[in-house]
Amino acid sequence: MVQLRSDWRTQIDIMQQEMQRLLNHLAGSKPPQVRFSPAGWEPAIDVYETDDEIVVIVELAGVKESDIEILVDRDRFTIRGERRKAVVTSVRRMYYQMEIMSGPFARSIALPVAVDTTESKAYYADGLVEVVLPKAGKGTTHKVDIKTA
């Protein structure tokens, strides 16, 4: 037979109070000095429709035009590429916050209507890629070249 101490309830109450005190302390403590962003990144995308076109705008600040590839299928838009890190040699850095992602990226979205892939146009200016996709028509997957605005 198991025997319990006569004050076991008191001991559990004390433990519960101590845990509550610890949790309150942790909740009120300062955040860490260094914050890191998530491991991977995807560019932000806006999509809107006009009477004749679907327009996709992709935010790609710091990505060179030559490092961007756009693929358009009849009902799917894909953009991929790479943002390269700025190379600074022999400089000691102490980061306090790191949120600007670098490395490869890929983003693929379904288009709201079928588009004509052969008449697609893309423009790149001020860190934004704007892709104009005429509606309807028949086509296959098509690579879109970017024109500097």
# chains A, B, ... in the order shown; residues from 1 in each chain; ligands from 1
call {"tool": "select_by_dssp", "arguments": {"residues": "region 24-120 of chain A", "states": "strand (DSSP E)", "output": "NGL selection string"}}
result
:A and (35-36 or 45-49 or 53-59 or 68-72 or 76-83 or 97-98 or 103-110)
call {"tool": "closest_residue", "arguments": {"among": "A:Ser102, A:Gln11, A:Thr148, A:Ser108", "to": "Trp41 (chain A)", "atoms": "only C-alpha atoms"}}
result
A:Ser102
call {"tool": "residues_around", "arguments": {"residues": "Pro112 (chain A)", "least_positions_apart": "5", "cutoff": "10 Å", "atoms": "only C-alpha atoms", "output": "list in words"}}
result
Val47, Tyr48, Glu49, Ile54, Asp75, Arg76 and Lys135 of chain A
call {"tool": "atom_distance", "arguments": {"atom1": "CA of Arg80 (chain A)", "atom2": "CA of Ser120 (chain A)"}}
result
16.7 Å
call {"tool": "residues_around", "arguments": {"residues": "Leu60 (chain A)", "least_positions_apart": "2", "cutoff": "12 Å", "atoms": "only C-alpha atoms", "output": "PyMOL selection string"}}
result
chain A and resi 41-45+57-58+62-65+67-69+79-84+100-102+104-107+124-130
call {"tool": "write_last_selection", "arguments": {"atoms": "N, CA and C atoms", "output": "short mmCIF file (atom, residue, chain, number, x, y, z; two decimals), in the first residue's frame"}}
result
data_model
loop_
_atom_site.label_atom_id
_atom_site.label_comp_id
_atom_site.auth_asym_id
_atom_site.auth_seq_id
_atom_site.Cartn_x
_atom_site.Cartn_y
_atom_site.Cartn_z
N TRP A 41 12.39 32.15 -47.88
CA TRP A 41 11.64 33.37 -48.20
C TRP A 41 10.92 33.21 -49.51
N GLU A 42 9.83 33.91 -49.61
CA GLU A 42 9.04 33.99 -50.84
C GLU A 42 8.73 35.45 -51.08
N PRO A 43 8.84 35.91 -52.30
CA PRO A 43 8.52 37.32 -52.55
C PRO A 43 7.01 37.56 -52.44
N ALA A 44 6.66 38.78 -52.05
CA ALA A 44 5.25 39.17 -51.98
C ALA A 44 4.71 39.37 -53.40
N ILE A 45 3.47 38.97 -53.62
CA ILE A 45 2.86 39.04 -54.95
C ILE A 45 1.48 39.68 -54.86
N ILE A 57 2.24 41.57 -59.92
CA ILE A 57 3.33 42.42 -59.47
C ILE A 57 4.05 41.67 -58.35
N VAL A 58 5.38 41.56 -58.50
CA VAL A 58 6.19 40.81 -57.54
C VAL A 58 7.24 41.74 -56.94
N GLY A 62 16.47 44.26 -54.50
CA GLY A 62 17.81 43.71 -54.34
C GLY A 62 18.10 42.49 -55.20
N VAL A 63 17.17 42.09 -56.05
CA VAL A 63 17.39 40.95 -56.94
C VAL A 63 17.70 41.51 -58.33
N LYS A 64 18.80 41.03 -58.89
CA LYS A 64 19.17 41.49 -60.23
C LYS A 64 18.24 40.89 -61.27
N GLU A 65 17.98 41.67 -62.29
CA GLU A 65 17.10 41.22 -63.37
C GLU A 65 17.59 39.90 -63.98
N ASP A 67 18.92 37.50 -62.52
CA ASP A 67 18.72 36.39 -61.59
C ASP A 67 17.25 36.02 -61.43
N ILE A 68 16.39 36.51 -62.33
CA ILE A 68 14.95 36.25 -62.24
C ILE A 68 14.50 35.43 -63.45
N GLU A 69 13.69 34.42 -63.20
CA GLU A 69 13.09 33.62 -64.28
C GLU A 69 11.58 33.58 -64.06
N ILE A 79 7.52 32.32 -60.62
CA ILE A 79 8.70 33.17 -60.66
C ILE A 79 9.73 32.55 -59.73
N ARG A 80 10.97 32.55 -60.17
CA ARG A 80 12.03 32.01 -59.33
C ARG A 80 13.32 32.75 -59.64
N GLY A 81 14.25 32.62 -58.75
CA GLY A 81 15.52 33.31 -58.92
C GLY A 81 16.33 33.27 -57.65
N GLU A 82 17.17 34.30 -57.49
CA GLU A 82 18.04 34.32 -56.32
C GLU A 82 18.41 35.75 -55.96
N ARG A 83 18.33 36.04 -54.67
CA ARG A 83 18.86 37.31 -54.15
C ARG A 83 20.21 36.98 -53.53
N ARG A 84 21.23 37.60 -54.05
CA ARG A 84 22.58 37.33 -53.57
C ARG A 84 22.93 38.27 -52.42
N ILE A 100 16.37 40.62 -43.87
CA ILE A 100 16.49 40.64 -45.33
C ILE A 100 17.02 39.29 -45.76
N MET A 101 16.15 38.54 -46.42
CA MET A 101 16.51 37.19 -46.84
C MET A 101 17.33 37.21 -48.11
N SER A 102 18.22 36.25 -48.22
CA SER A 102 18.97 36.07 -49.45
C SER A 102 18.93 34.59 -49.79
N PRO A 104 18.11 31.44 -52.90
CA PRO A 104 17.13 31.16 -53.96
C PRO A 104 15.70 31.30 -53.45
N PHE A 105 14.81 31.62 -54.38
CA PHE A 105 13.39 31.71 -54.06
C PHE A 105 12.60 31.14 -55.22
N ALA A 106 11.38 30.75 -54.94
CA ALA A 106 10.44 30.29 -55.97
C ALA A 106 9.04 30.54 -55.45
N ARG A 107 8.20 30.99 -56.34
CA ARG A 107 6.80 31.23 -55.98
C ARG A 107 5.95 30.88 -57.17
N TYR A 124 10.66 45.47 -65.22
CA TYR A 124 11.33 45.49 -63.92
C TYR A 124 11.82 46.90 -63.64
N ALA A 125 11.36 47.49 -62.54
CA ALA A 125 11.81 48.82 -62.14
C ALA A 125 11.61 48.99 -60.64
N ASP A 126 12.58 49.61 -60.01
CA ASP A 126 12.49 49.95 -58.58
C ASP A 126 12.18 48.75 -57.69
N GLY A 127 12.72 47.59 -58.02
CA GLY A 127 12.53 46.40 -57.19
C GLY A 127 11.21 45.69 -57.38
N LEU A 128 10.42 46.13 -58.36
CA LEU A 128 9.13 45.48 -58.63
C LEU A 128 9.12 44.90 -60.04
N VAL A 129 8.67 43.68 -60.17
CA VAL A 129 8.47 43.06 -61.47
C VAL A 129 6.97 43.10 -61.75
N GLU A 130 6.60 43.67 -62.89
CA GLU A 130 5.19 43.70 -63.30
C GLU A 130 5.06 42.83 -64.54
#
